[in-house]
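Undergrad: So that you have it, the file is my_file.txt, and it contains compact mmCIF, C-alpha atoms:
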# COMPACT_ATOMS: atom_id res chain seq x y z
CA GLY F 1 215.46 47.32 73.64
CA SER F 2 212.19 48.51 75.15
CA ALA F 3 212.33 46.01 78.03
CA GLY F 4 215.86 47.15 78.91
CA LYS F 5 214.79 50.82 79.00
CA ARG F 6 211.78 49.93 81.14
CA ARG F 7 213.99 48.01 83.58
CA LEU F 8 216.49 50.89 83.78
CA THR F 9 213.62 53.33 84.43
CA MET F 10 212.27 51.11 87.24
CA VAL F 11 215.71 50.81 88.85
CA LEU F 12 216.25 54.58 88.70
CA ALA F 13 212.75 55.25 90.11
CA ALA F 14 213.42 52.84 92.99
CA ALA F 15 216.77 54.51 93.73
CA VAL F 16 215.15 57.96 93.79
CA GLY F 17 212.40 56.62 96.08
CA VAL F 18 214.98 55.26 98.52
CA LEU F 19 216.83 58.58 98.54
CA VAL F 20 213.61 60.49 99.22
CA VAL F 21 212.75 58.19 102.16
CA LEU F 22 216.26 58.50 103.59
CA ALA F 23 216.17 62.30 103.27
CA GLY F 24 212.77 62.35 105.01
CA VAL F 25 214.04 60.19 107.86
CA PHE F 26 217.11 62.39 108.22
CA PHE F 27 215.16 65.65 108.34
CA LEU F 28 212.32 64.37 110.52
CA THR F 29 214.48 62.76 113.20
CA ASP F 30 217.00 64.02 115.74
CA ALA F 31 219.81 63.20 113.30
CA GLY F 32 218.59 65.93 110.97
CA ARG F 33 218.17 68.47 113.79
CA ALA F 34 221.60 67.93 115.35
CA GLY F 35 223.11 70.64 113.21
CA LYS F 36 220.26 73.13 113.86
CA GLY F 37 220.72 74.80 117.21
CA GLY F 38 222.56 71.86 118.71
CA GLU F 39 219.56 70.68 120.74
CA ALA F 40 219.76 67.10 119.49
CA ALA F 41 223.49 67.00 120.10
CA ALA F 42 223.02 68.13 123.70
CA SER F 43 220.68 65.28 124.66
CA PRO F 44 221.25 61.60 123.98
CA SER F 45 218.78 60.00 121.60
CA ALA F 46 216.40 57.27 122.70
CA THR F 47 218.10 54.92 120.27
CA ALA F 48 221.50 55.44 121.92
CA ALA F 49 219.96 54.64 125.31
CA ALA F 50 218.18 51.51 124.07
CA ASP F 51 219.38 48.10 125.21
CA PRO F 52 221.45 46.56 122.41
CA GLY F 53 219.60 43.27 123.03
CA LEU F 54 216.26 44.77 121.95
CA PRO F 55 214.77 43.99 118.54
CA PRO F 56 215.50 46.57 115.82
CA GLY F 57 213.29 49.65 116.21
CA VAL F 58 212.40 48.98 119.86
CA LYS F 59 213.61 51.89 122.00
CA CYS F 60 212.68 50.81 125.54
CA ALA F 61 212.01 47.79 127.72
CA GLY F 62 210.29 47.32 131.07
CA ALA F 63 210.52 50.27 133.45
CA SER F 64 212.11 52.51 130.81
CA CYS F 65 208.85 52.24 128.81
CA THR F 66 206.60 53.45 131.63
CA GLY F 67 204.90 56.71 130.67
CA LYS F 68 206.00 56.53 127.04
CA ASP F 69 204.05 56.23 123.80
CA ALA F 70 203.97 52.63 122.51
CA GLU F 71 204.09 53.61 118.85
CA ALA F 72 206.96 56.08 119.26
CA MET F 73 208.98 53.49 121.21
CA GLY F 74 208.52 50.76 118.59
CA CYS F 75 206.32 48.60 120.83
CA SER F 76 203.19 48.50 118.65
CA GLY F 77 202.50 47.11 115.19
CA ASP F 78 203.43 43.45 114.87
CA ARG F 79 204.92 43.50 118.40
CA VAL F 80 201.58 43.87 120.19
CA THR F 81 198.72 41.58 121.19
CA THR F 82 195.35 42.25 122.77
CA ALA F 83 195.54 40.63 126.19
CA GLY F 84 191.95 41.34 127.23
CA SER F 85 188.91 43.37 126.22
CA ALA F 86 185.50 44.47 127.47
CA THR F 87 182.57 46.34 125.93
CA VAL F 88 180.88 49.15 127.83
CA GLY F 89 177.98 50.69 125.89
CA THR F 90 179.44 51.03 122.40
CA ALA F 91 183.01 51.52 123.63
CA VAL F 92 185.54 48.69 123.56
CA VAL F 93 188.40 48.84 126.09
CA GLU F 94 191.49 46.67 125.61
CA VAL F 95 194.75 45.84 127.35
CA ARG F 96 197.45 45.97 124.69
CA TYR F 97 200.68 44.10 125.50
CA SER F 98 204.13 44.05 123.93
CA ARG F 99 206.38 41.20 125.01
CA ALA F 100 209.32 42.84 123.19
CA CYS F 101 208.94 45.94 125.37
CA GLY F 102 207.73 44.29 128.58
CA ALA F 103 204.92 46.84 128.73
CA ALA F 104 201.16 47.21 128.46
CA TRP F 105 198.78 50.06 127.72
CA GLY F 106 195.06 50.64 127.53
CA ARG F 107 193.14 51.42 124.37
CA VAL F 108 189.53 52.46 123.92
CA THR F 109 187.75 52.42 120.56
CA ARG F 110 184.23 53.42 119.52
CA ALA F 111 184.26 55.89 122.41
CA GLY F 112 182.98 59.44 122.67
CA GLN F 113 184.15 62.84 123.83
CA GLY F 114 184.77 62.80 127.60
CA ASP F 115 185.34 59.03 127.83
CA GLU F 116 188.52 58.01 129.68
CA VAL F 117 190.69 54.90 129.51
CA VAL F 118 193.07 53.88 132.32
CA VAL F 119 195.62 51.06 132.45
CA ARG F 120 196.81 49.73 135.81
CA ALA F 121 199.63 47.36 136.69
CA GLY F 122 200.31 47.12 140.41
CA ARG F 123 200.63 50.67 141.74
CA ALA F 124 201.39 52.13 138.30
CA SER F 125 198.61 53.62 136.21
CA ARG F 126 198.32 55.83 133.15
CA SER F 127 195.24 57.36 131.53
CA ALA F 128 194.02 59.04 128.35
CA SER F 129 190.77 60.77 127.41
CA ILE F 130 188.84 61.53 124.26
CA THR F 131 188.93 65.33 124.25
CA THR F 132 187.96 66.19 120.68
CA ALA F 133 184.47 65.77 119.29
CA GLY F 134 184.50 63.21 116.51
CA ASP F 135 187.46 61.26 117.90
CA ALA F 136 186.60 57.69 118.87
CA ASP F 137 189.93 56.15 119.88
CA ALA F 138 192.47 56.84 122.62
CA TYR F 139 195.33 54.94 124.17
CA THR F 140 197.29 55.42 127.35
CA PRO F 141 201.03 55.68 127.83
CA MET F 142 202.67 52.36 128.73
CA VAL F 143 203.24 50.71 132.12
CA ALA F 144 205.94 48.09 132.71
CA VAL F 145 204.71 44.52 133.24
CA LYS F 146 206.36 41.10 133.40
CA ASP F 147 203.41 39.58 131.52
CA ALA F 148 200.07 40.69 130.13
CA ALA F 149 198.09 39.25 133.06
CA GLN F 150 199.49 41.99 135.34
CA ALA F 151 197.62 44.76 133.49
CA VAL F 152 193.96 45.78 133.60
CA ALA F 153 192.37 48.46 131.41
CA CYS F 154 189.21 50.29 132.40
CA VAL F 155 186.99 52.78 130.62
CA THR F 156 184.78 55.38 132.24
CA LEU F 157 182.23 56.81 129.86
CA ALA F 158 181.24 60.45 130.08
CA VAL F 159 177.76 59.28 131.11
CA GLY F 160 179.23 57.52 134.17
CA ARG F 161 179.23 53.88 133.09
CA GLU F 162 182.43 51.96 133.83
CA GLY F 163 183.93 48.67 132.78
CA CYS F 164 187.27 46.84 132.93
CA THR F 165 189.01 43.99 131.21
CA ALA F 166 189.03 40.74 133.16
Any chance you could put this one into structure tokens?

TA:
Amino acid sequence: GSAGKRRLTMVLAAAVGVLVVLAGVFFLTDAGRAGKGGEAAASPSATAAADPGLPPGVKCAGASCTGKDAEAMGCSGDRVTTAGSATVGTAVVEVRYSRACGAAWGRVTRAGQGDEVVVRAGRASRSASITTAGDADAYTPMVAVKDAAQAVACVTLAVGREGCTA
């Protein structure tokens, strides 16, 4: 009796949770905005442009990732490794690499306001700065690479000290 009611309550709670998540995804993505002003309908979504051979959730690969945010394109999380790091003062600069996306980016942690991180791969480079007091982390947009060894990340501290990954 009581166990059956408890099980039914758990199943109903799970179903409601799934519906809430789906509604949130719908309203917070282009799918939910397509009917509002038509702006999403006028431009193709990143998902539609993604290579069908990419892992689920990955929205770019190689050159199409250059200049884009790794997290937004599905290249971070369990798809990323740290390919190299260096410490400059208290700041740690890293080259982050996603094989799934064929791209790398720079990340700086334990940094301060005015510190800048740059990632370079060949002639391509992207940068990011800590602009808000109290922030300690920043990461650059991605650059396309064939492998992690092609990318170098450097940090320039506001006090003028510099350092790069090897």

Undergrad: Taking only C-alpha atoms into account, produce a table as CSV in which each residue of stretch 140-161 of chain F with an atom at most 8 Å from an atom of stretch 119-127 of chain F appears once, together with its shortest atom pair and the distance in Å to one decimal, ordered by chain and rising number.

TA:
residue,atom,partner,partner_atom,distance
F:Thr140,CA,F:Ser127,CA,5.0
F:Pro141,CA,F:Arg126,CA,6.0
F:Met142,CA,F:Arg126,CA,7.1
F:Val143,CA,F:Ala124,CA,6.6
F:Ala144,CA,F:Ala121,CA,7.5
F:Val145,CA,F:Ala121,CA,6.8
F:Gln150,CA,F:Ala121,CA,5.5
F:Ala151,CA,F:Ala121,CA,4.6
F:Val152,CA,F:Arg120,CA,5.3
F:Ala153,CA,F:Val119,CA,4.3
F:Cys154,CA,F:Val119,CA,6.5

Undergrad: Using only C-alpha atoms, which residue out of F:Asp147, F:Gly114, F:Thr165, F:Asp135 lies closest to F:Val92?

TA: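 Going through F:Asp147, F:Gly114, F:Thr165, F:Asp135 one by one, the smallest distance to F:Val92 is for F:Thr165.
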
Undergrad: For F:Thr156, which of F:Ala91, F:Ala136, F:Ala63, F:Leu54 is the closest residue, counting only C-alpha atoms?

TA: F:Ala91

Undergrad: Just how far from atom CA of F:Arg107 is atom CA of F:Val95, in Å to one decimal?

TA: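 About the pair atom CA of F:Val95 and atom CA of F:Arg107: they are 6.5 Å apart.
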
Undergrad: Report, in Å to a single decimal, how far apart atom CA of F:Thr131 and atom CA of F:Gly160 are.

TA: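 Spanning atom CA of F:Gly160 to atom CA of F:Thr131 is a straight-line distance of 15.9 Å.
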
Undergrad: Could you work out how far atom CA of F:Lys68 lies from atom CA of F:Ala138, giving the answer in Å with one decimal?

TA: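 Computed distance, atom CA of F:Ala138 to atom CA of F:Lys68, equals 14.2 Å.
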
Undergrad: Which residue is closest to F:Glu162? Choose from F:Val58, F:Ile130, F:Ala149, F:Val93 and count only C-alpha atoms.

TA: F:Val93

Undergrad: Would you list the contacts of F:Thr81 as a PDB file with C-alpha atoms, in the frame of the given file, taking every protein, DNA or RNA residue within 9 Å and counting only C-alpha atoms, but skipping same-chain residues closer than 5 positions in sequence?

TA:
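What ended up in out_14.pdb:
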ATOM      1  CA  SER F  76     203.190  48.500 118.650  1.00  0.00           C
ATOM      2  CA  VAL F  95     194.750  45.840 127.350  1.00  0.00           C
ATOM      3  CA  ARG F  96     197.450  45.970 124.690  1.00  0.00           C
ATOM      4  CA  TYR F  97     200.680  44.100 125.500  1.00  0.00           C
ATOM      5  CA  SER F  98     204.130  44.050 123.930  1.00  0.00           C
ATOM      6  CA  ARG F  99     206.380  41.200 125.010  1.00  0.00           C
TER       7      ARG F  99
END

Undergrad: Calculated over all atoms listed in the file, which of the candidates F:Ala72, F:Val155, F:Ala13, F:Lys146 has the smallest distance to F:Ala86?

TA: F:Val155

Undergrad: So, with all atoms listed in the file as the atoms that count, which of F:Arg79, F:Val18, F:Val88, F:Pro55 lies closest to F:Arg161?

TA: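 The closest residue to F:Arg161 is F:Val88.
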
Undergrad: At a cut-off of 9 Å from (180.2, 63.8, 130.9) in the coordinates of the file, what residues are picked up using all atoms listed in the file, written as a VMD selection string?

TA: chain F and resid 113 to 115 157 to 160

Undergrad: For N, CA and C atoms, please extract stretch 143-164 of chain F from the block and return it as a short mmCIF file (atom, residue, chain, number, x, y, z; two decimals), in the first residue's frame.

TA:
data_model
loop_
_atom_site.label_atom_id
_atom_site.label_comp_id
_atom_site.auth_asym_id
_atom_site.auth_seq_id
_atom_site.Cartn_x
_atom_site.Cartn_y
_atom_site.Cartn_z
N VAL F 143 40.61 28.48 -31.29
CA VAL F 143 41.33 28.49 -32.57
C VAL F 143 41.40 27.05 -33.05
N ALA F 144 41.29 26.85 -34.36
CA ALA F 144 41.34 25.51 -34.94
C ALA F 144 42.77 24.98 -34.89
N VAL F 145 42.91 23.71 -34.51
CA VAL F 145 44.21 23.03 -34.50
C VAL F 145 44.02 21.58 -34.90
N LYS F 146 45.04 21.00 -35.50
CA LYS F 146 45.01 19.57 -35.84
C LYS F 146 45.28 18.74 -34.58
N ASP F 147 46.18 19.24 -33.72
CA ASP F 147 46.44 18.58 -32.45
C ASP F 147 46.86 19.63 -31.42
N ALA F 148 46.85 19.25 -30.18
CA ALA F 148 47.10 20.19 -29.08
C ALA F 148 48.47 20.85 -29.16
N ALA F 149 49.47 20.16 -29.71
CA ALA F 149 50.83 20.70 -29.77
C ALA F 149 50.93 21.95 -30.63
N GLN F 150 49.94 22.22 -31.47
CA GLN F 150 49.97 23.41 -32.32
C GLN F 150 49.62 24.69 -31.58
N ALA F 151 49.09 24.59 -30.37
CA ALA F 151 48.61 25.78 -29.65
C ALA F 151 49.53 26.13 -28.49
N VAL F 152 49.68 27.43 -28.26
CA VAL F 152 50.43 27.96 -27.12
C VAL F 152 49.54 29.02 -26.48
N ALA F 153 49.48 28.99 -25.14
CA ALA F 153 48.73 30.02 -24.41
C ALA F 153 49.72 30.84 -23.59
N CYS F 154 49.50 32.15 -23.59
CA CYS F 154 50.37 33.06 -22.84
C CYS F 154 49.51 33.96 -21.96
N VAL F 155 50.07 34.36 -20.84
CA VAL F 155 49.41 35.32 -19.97
C VAL F 155 50.33 36.52 -19.80
N THR F 156 49.73 37.69 -19.83
CA THR F 156 50.44 38.92 -19.51
C THR F 156 49.72 39.52 -18.31
N LEU F 157 50.44 39.61 -17.21
CA LEU F 157 49.85 40.17 -15.99
C LEU F 157 49.82 41.69 -16.09
N ALA F 158 48.91 42.29 -15.39
CA ALA F 158 48.77 43.75 -15.39
C ALA F 158 50.07 44.42 -14.95
N VAL F 159 50.87 43.74 -14.16
CA VAL F 159 52.14 44.30 -13.67
C VAL F 159 53.27 44.14 -14.68
N GLY F 160 52.98 43.51 -15.84
CA GLY F 160 53.96 43.40 -16.90
C GLY F 160 54.64 42.06 -17.04
N ARG F 161 54.52 41.18 -16.08
CA ARG F 161 55.13 39.85 -16.20
C ARG F 161 54.40 39.02 -17.23
N GLU F 162 55.15 38.21 -17.98
CA GLU F 162 54.57 37.36 -19.02
C GLU F 162 55.05 35.94 -18.85
N GLY F 163 54.26 35.00 -19.38
CA GLY F 163 54.66 33.61 -19.40
C GLY F 163 53.78 32.83 -20.34
N CYS F 164 54.34 31.75 -20.91
CA CYS F 164 53.61 30.94 -21.89
C CYS F 164 53.75 29.46 -21.56
#
